[in-house]
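What follows is the content of protein_15.cif, which has mmCIF, C-alpha atoms:
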data_entry
loop_
_atom_site.label_atom_id
_atom_site.label_comp_id
_atom_site.auth_asym_id
_atom_site.auth_seq_id
_atom_site.Cartn_x
_atom_site.Cartn_y
_atom_site.Cartn_z
CA MET A 15 28.65 19.32 -40.24
CA ARG A 16 30.33 21.23 -37.43
CA ALA A 17 27.52 23.77 -37.38
CA GLY A 18 24.96 20.97 -37.20
CA ALA A 19 26.78 19.25 -34.34
CA ALA A 20 27.03 22.56 -32.51
CA GLY A 21 23.29 23.07 -32.96
CA VAL A 22 22.54 19.64 -31.49
CA ALA A 23 24.86 20.35 -28.56
CA ASP A 24 23.19 23.71 -27.95
CA GLY A 25 19.79 22.03 -28.08
CA LEU A 26 20.84 19.45 -25.51
CA VAL A 27 22.17 22.17 -23.23
CA ALA A 28 18.89 24.07 -23.57
CA LEU A 29 16.91 20.92 -22.70
CA LYS A 30 19.05 20.34 -19.62
CA VAL A 31 18.56 23.93 -18.49
CA ARG A 32 14.81 23.72 -19.09
CA TYR A 33 14.66 20.43 -17.14
CA ARG A 34 16.53 21.94 -14.20
CA LEU A 35 14.19 24.92 -14.18
CA THR A 36 11.07 22.74 -14.27
CA PRO A 37 9.35 22.69 -10.85
CA TRP A 38 9.60 19.42 -8.96
CA TRP A 39 5.84 18.99 -8.90
CA ALA A 40 5.63 19.27 -12.69
CA LYS A 41 8.23 16.53 -13.06
CA VAL A 42 6.27 14.29 -10.70
CA ILE A 43 3.02 14.92 -12.59
CA VAL A 44 4.68 14.05 -15.91
CA VAL A 45 6.06 10.83 -14.42
CA PHE A 46 2.67 9.96 -12.98
CA VAL A 47 0.74 10.62 -16.20
CA LEU A 48 3.17 8.64 -18.35
CA SER A 49 3.07 5.73 -15.91
CA ARG A 50 -0.74 5.73 -15.91
CA VAL A 51 -0.75 5.57 -19.70
CA VAL A 52 1.38 2.41 -19.54
CA THR A 53 -0.64 0.80 -16.75
CA THR A 54 -3.98 1.70 -18.33
CA ALA A 55 -2.87 0.09 -21.59
CA ILE A 56 -1.99 -3.09 -19.68
CA MET A 57 -5.34 -3.11 -17.87
CA LEU A 58 -7.33 -2.44 -21.05
CA ASN A 59 -5.54 -5.27 -22.82
CA PHE A 60 -6.63 -7.70 -20.13
CA ALA A 61 -10.13 -6.19 -19.94
CA ALA A 62 -10.62 -6.78 -23.67
CA ARG A 63 -9.85 -10.48 -23.16
CA GLN A 64 -11.75 -10.83 -19.89
CA GLN A 65 -14.41 -13.53 -20.00
CA ASP A 66 -17.79 -13.38 -18.29
CA ASN A 67 -17.29 -13.59 -14.50
CA SER A 68 -18.99 -13.00 -11.16
CA TRP A 69 -18.70 -9.20 -11.46
CA THR A 70 -18.79 -8.25 -15.14
CA PRO A 71 -19.83 -9.51 -18.55
CA ALA A 72 -17.15 -10.36 -21.09
CA SER A 73 -14.86 -7.52 -22.25
CA PRO A 74 -16.02 -4.92 -19.70
CA GLY A 75 -15.16 -1.23 -19.84
CA TYR A 76 -12.24 0.06 -17.80
CA ALA A 77 -14.18 1.31 -14.76
CA ASP A 78 -16.12 -1.95 -14.39
CA PHE A 79 -12.97 -4.04 -14.87
CA ALA A 80 -11.23 -1.93 -12.22
CA SER A 81 -14.06 -2.45 -9.72
CA ILE A 82 -14.06 -6.24 -9.39
CA TRP A 83 -12.82 -8.29 -6.40
CA ASP A 84 -12.84 -6.17 -3.22
CA GLY A 85 -14.11 -3.23 -5.25
CA HIS A 86 -17.52 -4.89 -5.07
CA TRP A 87 -17.37 -4.88 -1.27
CA TYR A 88 -16.58 -1.17 -1.30
CA TYR A 89 -19.56 -0.69 -3.62
CA ILE A 90 -21.82 -2.51 -1.15
CA ILE A 91 -20.56 -0.32 1.69
CA SER A 92 -21.08 2.88 -0.31
CA ALA A 93 -24.61 1.76 -1.21
CA VAL A 94 -25.99 0.22 2.00
CA GLY A 95 -23.33 0.49 4.68
CA TYR A 96 -22.48 -2.28 7.15
CA PRO A 97 -24.75 -5.06 8.48
CA SER A 98 -25.89 -4.71 12.09
CA GLU A 99 -25.89 -8.50 12.42
CA LEU A 100 -22.97 -10.65 11.41
CA PRO A 101 -23.85 -13.11 8.63
CA LEU A 102 -23.17 -16.73 9.54
CA THR A 103 -22.27 -19.80 7.53
CA ALA A 104 -24.42 -22.93 7.55
CA ASP A 105 -22.28 -24.38 10.35
CA GLY A 106 -22.50 -21.24 12.51
CA HIS A 107 -19.18 -19.52 11.76
CA VAL A 108 -18.94 -15.81 10.99
CA ALA A 109 -19.04 -15.42 7.21
CA GLU A 110 -17.38 -12.91 4.88
CA SER A 111 -18.98 -9.47 5.07
CA ALA A 112 -18.37 -5.76 4.64
CA TRP A 113 -16.92 -5.52 8.16
CA ALA A 114 -13.52 -6.61 6.80
CA PHE A 115 -13.29 -3.30 4.90
CA MET A 116 -12.80 0.09 6.51
CA PRO A 117 -15.10 3.04 5.83
CA ALA A 118 -13.02 6.05 4.77
CA PHE A 119 -12.63 5.21 1.08
CA PRO A 120 -16.26 4.15 0.40
CA ALA A 121 -17.46 7.16 2.41
CA VAL A 122 -15.57 9.57 0.15
CA VAL A 123 -16.92 7.81 -2.94
CA ARG A 124 -20.45 7.86 -1.50
CA VAL A 125 -20.30 11.62 -0.96
CA LEU A 126 -19.15 12.13 -4.55
CA MET A 127 -21.95 9.86 -5.80
CA LEU A 128 -24.51 12.02 -3.99
CA VAL A 129 -22.95 15.24 -5.30
CA THR A 130 -22.37 14.23 -8.92
CA GLY A 131 -24.92 11.50 -9.55
CA LEU A 132 -22.23 9.36 -11.18
CA ASP A 133 -21.91 5.62 -10.62
CA PHE A 134 -19.60 3.95 -8.12
CA PRO A 135 -17.08 2.39 -10.58
CA VAL A 136 -16.24 5.72 -12.25
CA LEU A 137 -15.96 7.69 -9.02
CA ALA A 138 -14.07 4.99 -7.16
CA VAL A 139 -11.43 4.89 -9.89
CA PHE A 140 -11.33 8.71 -9.93
CA VAL A 141 -10.73 8.89 -6.17
CA SER A 142 -8.09 6.20 -6.40
CA VAL A 143 -6.18 7.94 -9.20
CA ALA A 144 -6.44 11.37 -7.56
CA CYS A 145 -5.10 9.98 -4.28
CA ALA A 146 -2.32 8.16 -6.16
CA LEU A 147 -1.20 11.44 -7.73
CA GLY A 148 -1.25 13.04 -4.29
CA ALA A 149 0.78 10.14 -2.90
CA ALA A 150 3.38 10.54 -5.67
CA LEU A 151 3.73 14.26 -4.92
CA VAL A 152 4.08 13.72 -1.17
CA LEU A 153 6.46 10.80 -1.74
CA TYR A 154 8.82 13.10 -3.62
CA ARG A 155 8.83 15.57 -0.72
CA LEU A 156 9.36 12.71 1.71
CA MET A 157 12.26 11.18 -0.24
CA HIS A 158 13.81 14.62 -0.78
CA LEU A 159 14.26 14.88 2.99
CA VAL A 160 16.70 11.95 2.96
CA MET A 161 18.25 11.90 -0.54
CA PRO A 162 19.10 14.15 -3.51
CA GLY A 163 16.37 15.37 -5.82
CA SER A 164 17.33 13.09 -8.73
CA ALA A 165 17.14 10.00 -6.54
CA ALA A 166 13.89 11.22 -4.97
CA LEU A 167 12.36 11.62 -8.43
CA PHE A 168 13.49 8.15 -9.47
CA ALA A 169 11.92 6.77 -6.28
CA VAL A 170 8.66 8.31 -7.54
CA VAL A 171 9.23 6.66 -10.93
CA LEU A 172 9.59 3.28 -9.22
CA PHE A 173 6.49 3.95 -7.13
CA CYS A 174 4.49 4.72 -10.28
CA VAL A 175 5.67 1.74 -12.34
CA ALA A 176 6.09 -0.87 -9.59
CA PRO A 177 4.62 -4.33 -10.28
CA LEU A 178 1.69 -3.56 -7.93
CA SER A 179 1.11 -0.04 -9.30
CA PRO A 180 -2.12 -1.07 -11.12
CA ILE A 181 -3.62 -1.04 -7.61
CA LEU A 182 -3.25 2.76 -7.77
CA GLN A 183 -6.06 3.01 -10.33
CA VAL A 184 -8.69 0.50 -9.25
CA SER A 185 -11.61 0.66 -6.80
CA TYR A 186 -9.47 -0.17 -3.79
CA ALA A 187 -8.52 1.93 -0.76
CA GLU A 188 -4.76 1.50 -1.29
CA SER A 189 -4.17 4.84 -3.05
CA MET A 190 -5.96 6.78 -0.35
CA HIS A 191 -4.04 4.92 2.33
CA LEU A 192 -0.69 5.53 0.61
CA LEU A 193 -1.41 9.25 0.36
CA LEU A 194 -2.19 9.43 4.08
CA LEU A 195 0.76 7.22 5.01
CA ALA A 196 3.20 9.29 2.93
CA ALA A 197 1.83 12.45 4.58
CA ALA A 198 2.15 10.89 8.04
CA LEU A 199 5.76 9.86 7.43
CA TYR A 200 6.57 13.31 6.08
CA LEU A 201 5.09 14.96 9.17
CA LEU A 202 7.02 12.55 11.37
CA LEU A 203 10.34 13.41 9.76
CA GLU A 204 9.44 17.08 10.13
CA ARG A 205 8.63 16.44 13.84
CA ARG A 206 5.09 17.84 13.49
CA TYR A 207 3.57 15.39 15.93
CA LEU A 208 0.28 17.17 16.63
CA MET A 209 -0.43 17.50 12.91
CA LEU A 210 -0.06 13.73 12.72
CA LEU A 211 -3.21 13.11 14.75
CA PRO A 212 -5.91 13.82 12.12
CA VAL A 213 -3.85 12.04 9.45
CA ILE A 214 -3.48 8.97 11.66
CA ALA A 215 -7.22 9.02 12.43
CA VAL A 216 -8.30 8.90 8.77
CA MET A 217 -5.45 6.59 7.75
CA SER A 218 -6.42 4.03 10.39
CA LEU A 219 -9.98 3.98 9.06
CA THR A 220 -8.79 3.55 5.47
CA ARG A 221 -6.56 0.47 5.75
CA PRO A 222 -5.31 -1.46 8.82
CA SER A 223 -2.20 0.47 9.83
CA GLY A 224 -2.77 2.18 13.18
CA LEU A 225 -1.08 -0.51 15.28
CA ALA A 226 1.95 -0.71 12.99
CA PHE A 227 2.27 3.09 13.03
CA ALA A 228 1.94 3.09 16.83
CA LEU A 229 4.80 0.59 17.08
CA MET A 230 6.91 2.73 14.81
CA LEU A 231 6.15 5.85 16.86
CA ALA A 232 7.02 4.03 20.09
CA LEU A 233 10.37 2.98 18.61
CA HIS A 234 10.89 6.51 17.31
CA VAL A 235 10.28 7.98 20.78
CA GLY A 236 12.64 5.46 22.35
CA TYR A 237 15.35 6.17 19.78
CA ARG A 238 15.10 9.93 20.26
CA PHE A 239 15.12 9.57 24.05
CA VAL A 240 18.26 7.42 24.00
CA ARG A 241 19.97 9.96 21.73
CA ARG A 242 18.70 13.03 23.58
CA ASN A 243 22.23 14.08 24.57
CA ARG A 244 23.36 14.09 20.93
CA GLU A 245 20.13 15.24 19.29
CA GLU A 246 17.85 17.65 21.11
CA PHE A 247 14.53 16.13 22.20
CA PRO A 248 12.57 19.01 23.80
CA VAL A 249 9.95 18.29 26.44
CA ARG A 250 7.17 19.51 24.16
CA GLU A 251 8.19 17.05 21.45
CA ARG A 252 8.46 14.25 24.02
CA VAL A 253 4.89 14.87 25.13
CA THR A 254 3.40 15.26 21.65
CA SER A 255 5.26 12.28 20.19
CA VAL A 256 4.09 10.01 23.03
CA LEU A 257 0.56 11.36 22.56
CA ALA A 258 0.75 10.52 18.86
CA ALA A 259 1.94 6.98 19.65
CA PHE A 260 -0.92 6.33 22.08
CA PHE A 261 -3.45 7.90 19.72
CA SER A 262 -2.24 5.71 16.86
CA GLY A 263 -2.56 2.64 19.07
CA PHE A 264 -6.12 3.62 19.95
CA MET A 265 -7.01 4.23 16.31
CA GLY A 266 -5.52 0.87 15.46
CA LEU A 267 -8.26 -0.66 17.62
CA ALA A 268 -11.00 1.83 16.71
CA TRP A 269 -12.57 -0.20 13.91
CA LEU A 270 -12.68 -3.28 16.13
CA LEU A 271 -14.52 -1.21 18.77
CA ILE A 272 -16.92 0.27 16.20
CA ALA A 273 -17.77 -3.19 14.87
CA TRP A 274 -18.33 -4.37 18.45
CA ALA A 275 -20.62 -1.42 19.22
CA ILE A 276 -22.80 -2.02 16.15
CA THR A 277 -22.90 -5.84 16.04
CA GLY A 278 -22.61 -6.62 19.73
CA SER A 279 -19.66 -8.96 19.10
CA LEU A 280 -16.24 -7.96 20.44
CA THR A 281 -14.56 -10.12 17.80
CA ALA A 282 -16.78 -9.05 14.89
CA TYR A 283 -13.92 -7.53 12.89
CA THR A 284 -11.32 -10.22 13.56
CA ASP A 285 -13.82 -13.04 13.01
CA THR A 286 -14.79 -11.51 9.69
CA GLU A 287 -11.15 -11.22 8.64
CA LEU A 288 -10.56 -14.84 9.65
CA ALA A 289 -13.43 -15.94 7.40
CA TRP A 290 -11.28 -15.15 4.37
CA ARG A 291 -8.55 -17.58 5.36
CA SER A 292 -11.00 -20.37 6.22
CA ALA A 293 -10.87 -21.55 2.61
CA TYR A 294 -7.23 -22.42 3.22
CA ILE A 295 -7.00 -23.67 6.81
CA GLY A 296 -10.55 -23.73 8.12
CA TYR A 297 -11.88 -21.60 10.98
CA GLN A 298 -9.25 -20.96 13.62
CA ASP A 299 -8.55 -18.38 16.33
CA LEU A 300 -6.24 -15.45 15.66
CA VAL A 301 -2.94 -16.16 17.42
CA PRO A 302 -0.25 -13.54 16.69
CA PHE A 303 2.82 -14.66 14.71
CA THR A 304 1.31 -18.06 13.84
CA PRO A 305 -0.41 -17.36 10.47
CA TRP A 306 2.79 -17.59 8.44
CA PHE A 307 3.68 -20.96 9.93
CA LYS A 308 0.12 -22.22 9.38
CA ALA A 309 0.42 -21.02 5.81
CA ALA A 310 3.73 -22.83 5.44
CA GLU A 311 2.00 -26.03 6.52
CA PHE A 312 -0.81 -25.47 4.02
CA TRP A 313 1.42 -24.54 1.07
CA ALA A 314 3.87 -27.33 1.82
CA GLY A 315 1.01 -29.77 1.25
CA GLN A 316 -0.11 -27.96 -1.90
CA TRP A 317 3.33 -27.74 -3.45
CA GLY A 318 4.76 -31.03 -2.22
CA ILE A 319 7.62 -29.27 -0.41
CA PRO A 320 8.85 -30.69 2.92
CA LEU A 321 7.48 -28.48 5.70
CA PRO A 322 10.86 -28.05 7.50
CA LEU A 323 12.39 -26.82 4.25
CA LEU A 324 9.59 -24.30 3.65
CA VAL A 325 9.81 -23.04 7.24
CA ALA A 326 13.59 -22.71 6.88
CA ILE A 327 13.11 -20.68 3.69
CA LEU A 328 10.55 -18.47 5.45
CA VAL A 329 12.92 -17.83 8.36
CA LEU A 330 15.80 -17.02 6.01
CA VAL A 331 13.65 -14.60 3.99
CA VAL A 332 12.49 -12.82 7.15
CA LEU A 333 16.03 -12.59 8.54
CA GLY A 334 17.32 -11.41 5.18
CA PHE A 335 14.63 -8.74 4.99
CA PHE A 336 15.50 -7.25 8.36
CA ALA A 337 19.24 -7.56 7.71
CA ALA A 338 18.76 -5.58 4.48
CA LEU A 339 17.62 -2.61 6.58
CA PHE A 340 21.23 -2.25 7.76
CA THR A 341 22.80 -2.15 4.29
CA PRO A 342 24.41 1.15 3.18
CA TRP A 343 21.60 1.78 0.67
CA ALA A 344 18.85 1.27 3.25
CA LYS A 345 20.67 3.41 5.81
CA ARG A 346 20.39 6.34 3.41
CA LEU A 347 16.66 6.30 4.14
CA GLY A 348 17.32 7.38 7.72
CA VAL A 349 16.19 5.80 10.96
CA ASP A 350 12.52 6.76 10.91
CA LEU A 351 11.65 5.33 7.49
CA ARG A 352 13.45 2.11 8.36
CA LEU A 353 11.53 1.95 11.63
CA TRP A 354 8.29 2.14 9.63
CA ILE A 355 9.43 -0.61 7.26
CA ALA A 356 10.39 -2.84 10.19
CA SER A 357 7.22 -2.08 12.17
CA TYR A 358 4.86 -2.74 9.29
CA ALA A 359 6.70 -5.94 8.41
CA LEU A 360 6.34 -7.13 12.02
CA TYR A 361 2.64 -6.28 11.86
CA LEU A 362 2.22 -8.40 8.74
CA LEU A 363 4.11 -11.27 10.36
CA ALA A 364 1.85 -11.01 13.40
CA VAL A 365 -1.60 -11.02 11.84
CA PHE A 366 -1.73 -11.75 8.10
CA PHE A 367 -2.12 -15.11 6.42
CA PRO A 368 0.11 -15.16 3.32
CA GLN A 369 -1.49 -15.89 -0.03
CA SER A 370 -1.73 -13.98 -3.30
CA SER A 371 -3.15 -10.85 -1.60
CA THR A 372 0.07 -10.57 0.40
CA PHE A 373 1.75 -8.85 -2.54
CA ARG A 374 -0.79 -6.04 -2.23
CA LEU A 375 -0.29 -5.90 1.52
CA LEU A 376 3.42 -5.23 0.94
CA VAL A 377 2.66 -1.95 -0.88
CA PRO A 378 2.88 0.21 2.32
CA LEU A 379 6.58 -0.71 2.41
CA PHE A 380 6.99 1.75 -0.48
CA PRO A 381 9.60 3.97 1.31
CA ALA A 382 12.03 1.11 0.67
CA LEU A 383 11.97 2.15 -3.00
CA GLY A 384 14.31 4.96 -2.00
CA ALA A 385 17.10 2.44 -1.49
CA PHE A 386 16.61 1.11 -5.03
CA ALA A 387 16.56 4.65 -6.41
CA LEU A 388 20.08 5.56 -5.29
CA PRO A 389 22.24 3.96 -8.03
CA ARG A 390 22.63 6.50 -10.85
CA SER A 391 23.58 4.21 -13.73
CA PRO A 392 21.22 4.88 -16.67
CA TRP A 393 21.28 1.21 -17.66
CA TYR A 394 20.40 0.17 -14.11
CA ARG A 395 17.46 2.58 -14.01
CA ILE A 396 16.15 1.69 -17.47
CA GLY A 397 16.44 -2.01 -16.70
CA LEU A 398 14.67 -1.64 -13.36
CA VAL A 399 11.79 0.28 -14.93
CA ALA A 400 11.43 -2.34 -17.67
CA LEU A 401 11.45 -5.11 -15.05
CA CYS A 402 8.76 -3.29 -13.04
CA ILE A 403 6.50 -2.90 -16.09
CA ALA A 404 6.92 -6.60 -16.86
CA GLY A 405 5.98 -7.22 -13.24
CA GLN A 406 2.74 -5.28 -13.76
CA VAL A 407 1.78 -7.57 -16.61
CA ALA A 408 2.59 -10.62 -14.48
CA TRP A 409 0.59 -9.34 -11.49
CA VAL A 410 -2.49 -8.37 -13.51
CA ASN A 411 -2.37 -11.76 -15.22
CA MET A 412 -1.95 -13.65 -11.94
CA ALA A 413 -4.07 -11.67 -9.49
CA TRP A 414 -6.48 -9.24 -11.17
CA TRP A 415 -7.65 -10.86 -14.38
CA VAL A 416 -10.29 -13.51 -13.65
CA ASP A 417 -9.23 -16.66 -15.47
CA GLY A 418 -11.94 -19.27 -14.86
CA TYR A 419 -11.82 -20.53 -11.26
CA ASP A 420 -9.38 -18.02 -9.84
CA TRP A 421 -7.64 -18.83 -6.54
CA THR A 422 -5.21 -15.89 -6.73
CA PRO A 423 -7.19 -12.82 -5.57
CA PRO A 424 -5.36 -9.48 -5.57
#

Exercise: express the given structure as structure tokens:
Amino acid sequence: MRAGAAGVADGLVALKVRYRLTPWWAKVIVVFVLSRVVTTAIMLNFAARQQDNSWTPASPGYADFASIWDGHWYYIISAVGYPSELPLTADGHVAESAWAFMPAFPAVVRVLMLVTGLDFPVLAVFVSVACALGAALVLYRLMHLVMPGSAALFAVVLFCVAPLSPILQVSYAESMHLLLLAAALYLLLERRYLMLLPVIAVMSLTRPSGLAFALMLALHVGYRFVRRNREEFPVRERVTSVLAAFFSGFMGLAWLLIAWAITGSLTAYTDTELAWRSAYIGYQDLVPFTPWFKAAEFWAGQWGIPLPLLVAILVLVVLGFFAALFTPWAKRLGVDLRLWIASYALYLLAVFFPQSSTFRLLVPLFPALGAFALPRSPWYRIGLVALCIAGQVAWVNMAWWVDGYDWTPP
């Protein structure tokens, strides 16, 4: 018995040594692959029960199931590009069109289609998964700059199993954007401001993020300038960081300018975006920081909740969110990552109309996962992973799976 126990102990020691000697990137790849097995099983389960819908027949294959919703818009862009004239509704308003979707992701898929001859659904999912793996690898390097390796790896685990992680393997631009965003944040923390420029350029043409990143860079420059007597802020870094902030601001407006140049309408992009919320509140102008209150008015009527109560809840949630950035766990992320979280949250509050797609729009807040990765209790970590996987099932059921008349798009 003693010899057997000693053998088990020696085996455990050998496993621990082997784990410690395993390269960080191999650990991340293992985490990513295992998480994709779980998420793919969830998606296939829903695909097998999927009824006939606007995009697929009943029980579609994985690639087709993963290319519904906005994936169809990306397919249209990869096939025929963008319309030179804005489509209009019967009453003369700008209608939904491809102009609401940025070109980097469908352009990459289009190139691969020309090179390989494969269809859009397969290649779009391939690009999404490949970018998601890249994002997981870069996220580890990013988190490792502000926390120990074990916590950084668990942050990657949470990234890979998060309730919205199915979005990492569908025909959406989110994976590509997260890869570029993680790379941009890594370069920022490393103070490589000039190397940020090409990353910002592509990132801003993948998902709307340039203005939020510009705000974060402006706050970053201000913070470093105020602390210049305690933390060196060389003239070269002052110049290049300000350049990066202005460039990001320009790129944040670039798609609007491109849409204007091609369609002849200065508001082509914003009008197209507003068309999506018309089903909720009709056609209205874009006034910053009002969409959430307009949404509160709409949902109060839908849910039968007094409007003042819903507005009070909204205000408390927003205040609680920003207050959480000053907790000890969030502070471990460092100033720059918290500035990104705050800047992107302000951007969402300024321009987005909250509905079921808002959960997806929260995904770029992923650096906040580092705060949840710090506790080392095994039971805490196991429980959190289990809760995240249950969240995947809930999100696919609510937002991705098409259940008759579906008013909860992803």

Quiz item: Taking the file as shown, what set of residues would the PyMOL selection byres ((chain A and resi 346-352) around 7) give back, as a list in words?
Solution: Val160, His234, Leu339, Pro342, Trp343, Ala344, Lys345, Leu353, Trp354, Ile355, Ala356, Pro381, Gly384 and Ala385 of chain A

Self-check item: Polymer residues at most 8 Å from Ser49 (chain A), only C-alpha atoms, same-chain spacing of 3 or more positions, as a PyMOL selection string
Solution: chain A and resi 45-46+52-53+171+174-175

I need the residues from that last selection saved to file as a compact mmCIF listing (two decimals), in the coordinates of the input (with C-alpha atoms), if you can.
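Result file follows (selection.txt):
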# COMPACT_ATOMS: atom_id res chain seq x y z
CA VAL A 45 6.06 10.83 -14.42
CA PHE A 46 2.67 9.96 -12.98
CA VAL A 52 1.38 2.41 -19.54
CA THR A 53 -0.64 0.80 -16.75
CA VAL A 171 9.23 6.66 -10.93
CA CYS A 174 4.49 4.72 -10.28
CA VAL A 175 5.67 1.74 -12.34

Self-check item: Point-to-point distance from CA of Arg390 (chain A) to CA of Ile403 (chain A), Å rounded to tenths
Solution: 19.4 Å

Self-check item: Gap from CA of Ala259 (chain A) to CA of Ala215 (chain A) - Å, one decimal
Solution: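 So the answer is 11.8 Å.
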
Exercise. May I ask for the distance between CA of Gly278 (chain A) and CA of Arg221 (chain A), given in Å to one decimal place?
Key: 22.4 Å

Quiz item: Excluding same-chain residues fewer than 2 positions from Ile91 (chain A), what lies within 10 Å of it counting only C-alpha atoms, as a PyMOL selection string?
Solution: chain A and resi 85-89+93-97+111-113+115-117+119-121+124

Quiz prompt | Residue with smallest distance to Leu208 (chain A) - pool A:Phe79, A:Phe261, A:Tyr186, A:Phe247, counting all atoms listed in the file | solution =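 Of A:Phe79, A:Phe261, A:Tyr186, A:Phe247, the one nearest Leu208 (chain A), counting all atoms listed in the file, is A:Phe261.
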
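Comparing the minimum interatomic distances between Leu151 (chain A) and each of A:Val42, A:Leu324, A:Val235, A:Ala55, counting all atoms listed in the file, we find that A:Val42 sits nearest.
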
Taking the point (6.7, 17.4, -11.6) as given in the file, collect each protein or nucleic acid residue that comes within 12 Å of it, counting all atoms listed in the file, and present the set as a PDB file with C-alpha atoms, in the frame of the given file.
ATOM      1  CA  TYR A  33      14.660  20.430 -17.140  1.00  0.00           C
ATOM      2  CA  ARG A  34      16.530  21.940 -14.200  1.00  0.00           C
ATOM      3  CA  LEU A  35      14.190  24.920 -14.180  1.00  0.00           C
ATOM      4  CA  THR A  36      11.070  22.740 -14.270  1.00  0.00           C
ATOM      5  CA  PRO A  37       9.350  22.690 -10.850  1.00  0.00           C
ATOM      6  CA  TRP A  38       9.600  19.420  -8.960  1.00  0.00           C
ATOM      7  CA  TRP A  39       5.840  18.990  -8.900  1.00  0.00           C
ATOM      8  CA  ALA A  40       5.630  19.270 -12.690  1.00  0.00           C
ATOM      9  CA  LYS A  41       8.230  16.530 -13.060  1.00  0.00           C
ATOM     10  CA  VAL A  42       6.270  14.290 -10.700  1.00  0.00           C
ATOM     11  CA  ILE A  43       3.020  14.920 -12.590  1.00  0.00           C
ATOM     12  CA  VAL A  44       4.680  14.050 -15.910  1.00  0.00           C
ATOM     13  CA  VAL A  45       6.060  10.830 -14.420  1.00  0.00           C
ATOM     14  CA  PHE A  46       2.670   9.960 -12.980  1.00  0.00           C
ATOM     15  CA  VAL A  47       0.740  10.620 -16.200  1.00  0.00           C
ATOM     16  CA  LEU A  48       3.170   8.640 -18.350  1.00  0.00           C
ATOM     17  CA  LEU A 147      -1.200  11.440  -7.730  1.00  0.00           C
ATOM     18  CA  GLY A 148      -1.250  13.040  -4.290  1.00  0.00           C
ATOM     19  CA  ALA A 150       3.380  10.540  -5.670  1.00  0.00           C
ATOM     20  CA  LEU A 151       3.730  14.260  -4.920  1.00  0.00           C
ATOM     21  CA  VAL A 152       4.080  13.720  -1.170  1.00  0.00           C
ATOM     22  CA  LEU A 153       6.460  10.800  -1.740  1.00  0.00           C
ATOM     23  CA  TYR A 154       8.820  13.100  -3.620  1.00  0.00           C
ATOM     24  CA  ARG A 155       8.830  15.570  -0.720  1.00  0.00           C
ATOM     25  CA  GLY A 163      16.370  15.370  -5.820  1.00  0.00           C
ATOM     26  CA  SER A 164      17.330  13.090  -8.730  1.00  0.00           C
ATOM     27  CA  ALA A 166      13.890  11.220  -4.970  1.00  0.00           C
ATOM     28  CA  LEU A 167      12.360  11.620  -8.430  1.00  0.00           C
ATOM     29  CA  PHE A 168      13.490   8.150  -9.470  1.00  0.00           C
ATOM     30  CA  VAL A 170       8.660   8.310  -7.540  1.00  0.00           C
ATOM     31  CA  VAL A 171       9.230   6.660 -10.930  1.00  0.00           C
TER      32      VAL A 171
END

Carefully work through the PyMOL selection byres ((chain A and resi 260) around 12) for this structure and note down the residues it includes, as an mmCIF file with C-alpha atoms, in the coordinates of the input.
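Final output, saved to result13.cif:
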data_model
loop_
_atom_site.group_PDB
_atom_site.id
_atom_site.type_symbol
_atom_site.label_atom_id
_atom_site.label_comp_id
_atom_site.auth_asym_id
_atom_site.auth_seq_id
_atom_site.Cartn_x
_atom_site.Cartn_y
_atom_site.Cartn_z
ATOM 1 C CA TYR A 207 3.570 15.390 15.930
ATOM 2 C CA LEU A 210 -0.060 13.730 12.720
ATOM 3 C CA LEU A 211 -3.210 13.110 14.750
ATOM 4 C CA ILE A 214 -3.480 8.970 11.660
ATOM 5 C CA ALA A 215 -7.220 9.020 12.430
ATOM 6 C CA GLY A 224 -2.770 2.180 13.180
ATOM 7 C CA LEU A 225 -1.080 -0.510 15.280
ATOM 8 C CA ALA A 226 1.950 -0.710 12.990
ATOM 9 C CA PHE A 227 2.270 3.090 13.030
ATOM 10 C CA ALA A 228 1.940 3.090 16.830
ATOM 11 C CA LEU A 229 4.800 0.590 17.080
ATOM 12 C CA MET A 230 6.910 2.730 14.810
ATOM 13 C CA LEU A 231 6.150 5.850 16.860
ATOM 14 C CA ALA A 232 7.020 4.030 20.090
ATOM 15 C CA VAL A 235 10.280 7.980 20.780
ATOM 16 C CA VAL A 253 4.890 14.870 25.130
ATOM 17 C CA THR A 254 3.400 15.260 21.650
ATOM 18 C CA SER A 255 5.260 12.280 20.190
ATOM 19 C CA VAL A 256 4.090 10.010 23.030
ATOM 20 C CA LEU A 257 0.560 11.360 22.560
ATOM 21 C CA ALA A 258 0.750 10.520 18.860
ATOM 22 C CA ALA A 259 1.940 6.980 19.650
ATOM 23 C CA PHE A 261 -3.450 7.900 19.720
ATOM 24 C CA SER A 262 -2.240 5.710 16.860
ATOM 25 C CA GLY A 263 -2.560 2.640 19.070
ATOM 26 C CA PHE A 264 -6.120 3.620 19.950
ATOM 27 C CA MET A 265 -7.010 4.230 16.310
ATOM 28 C CA GLY A 266 -5.520 0.870 15.460
ATOM 29 C CA LEU A 267 -8.260 -0.660 17.620
#

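The residue that comes closest to Pro222 (chain A), out of A:Tyr294, A:Trp274, A:Trp317, A:Phe366 and on the basis of all atoms listed in the file, is A:Phe366.
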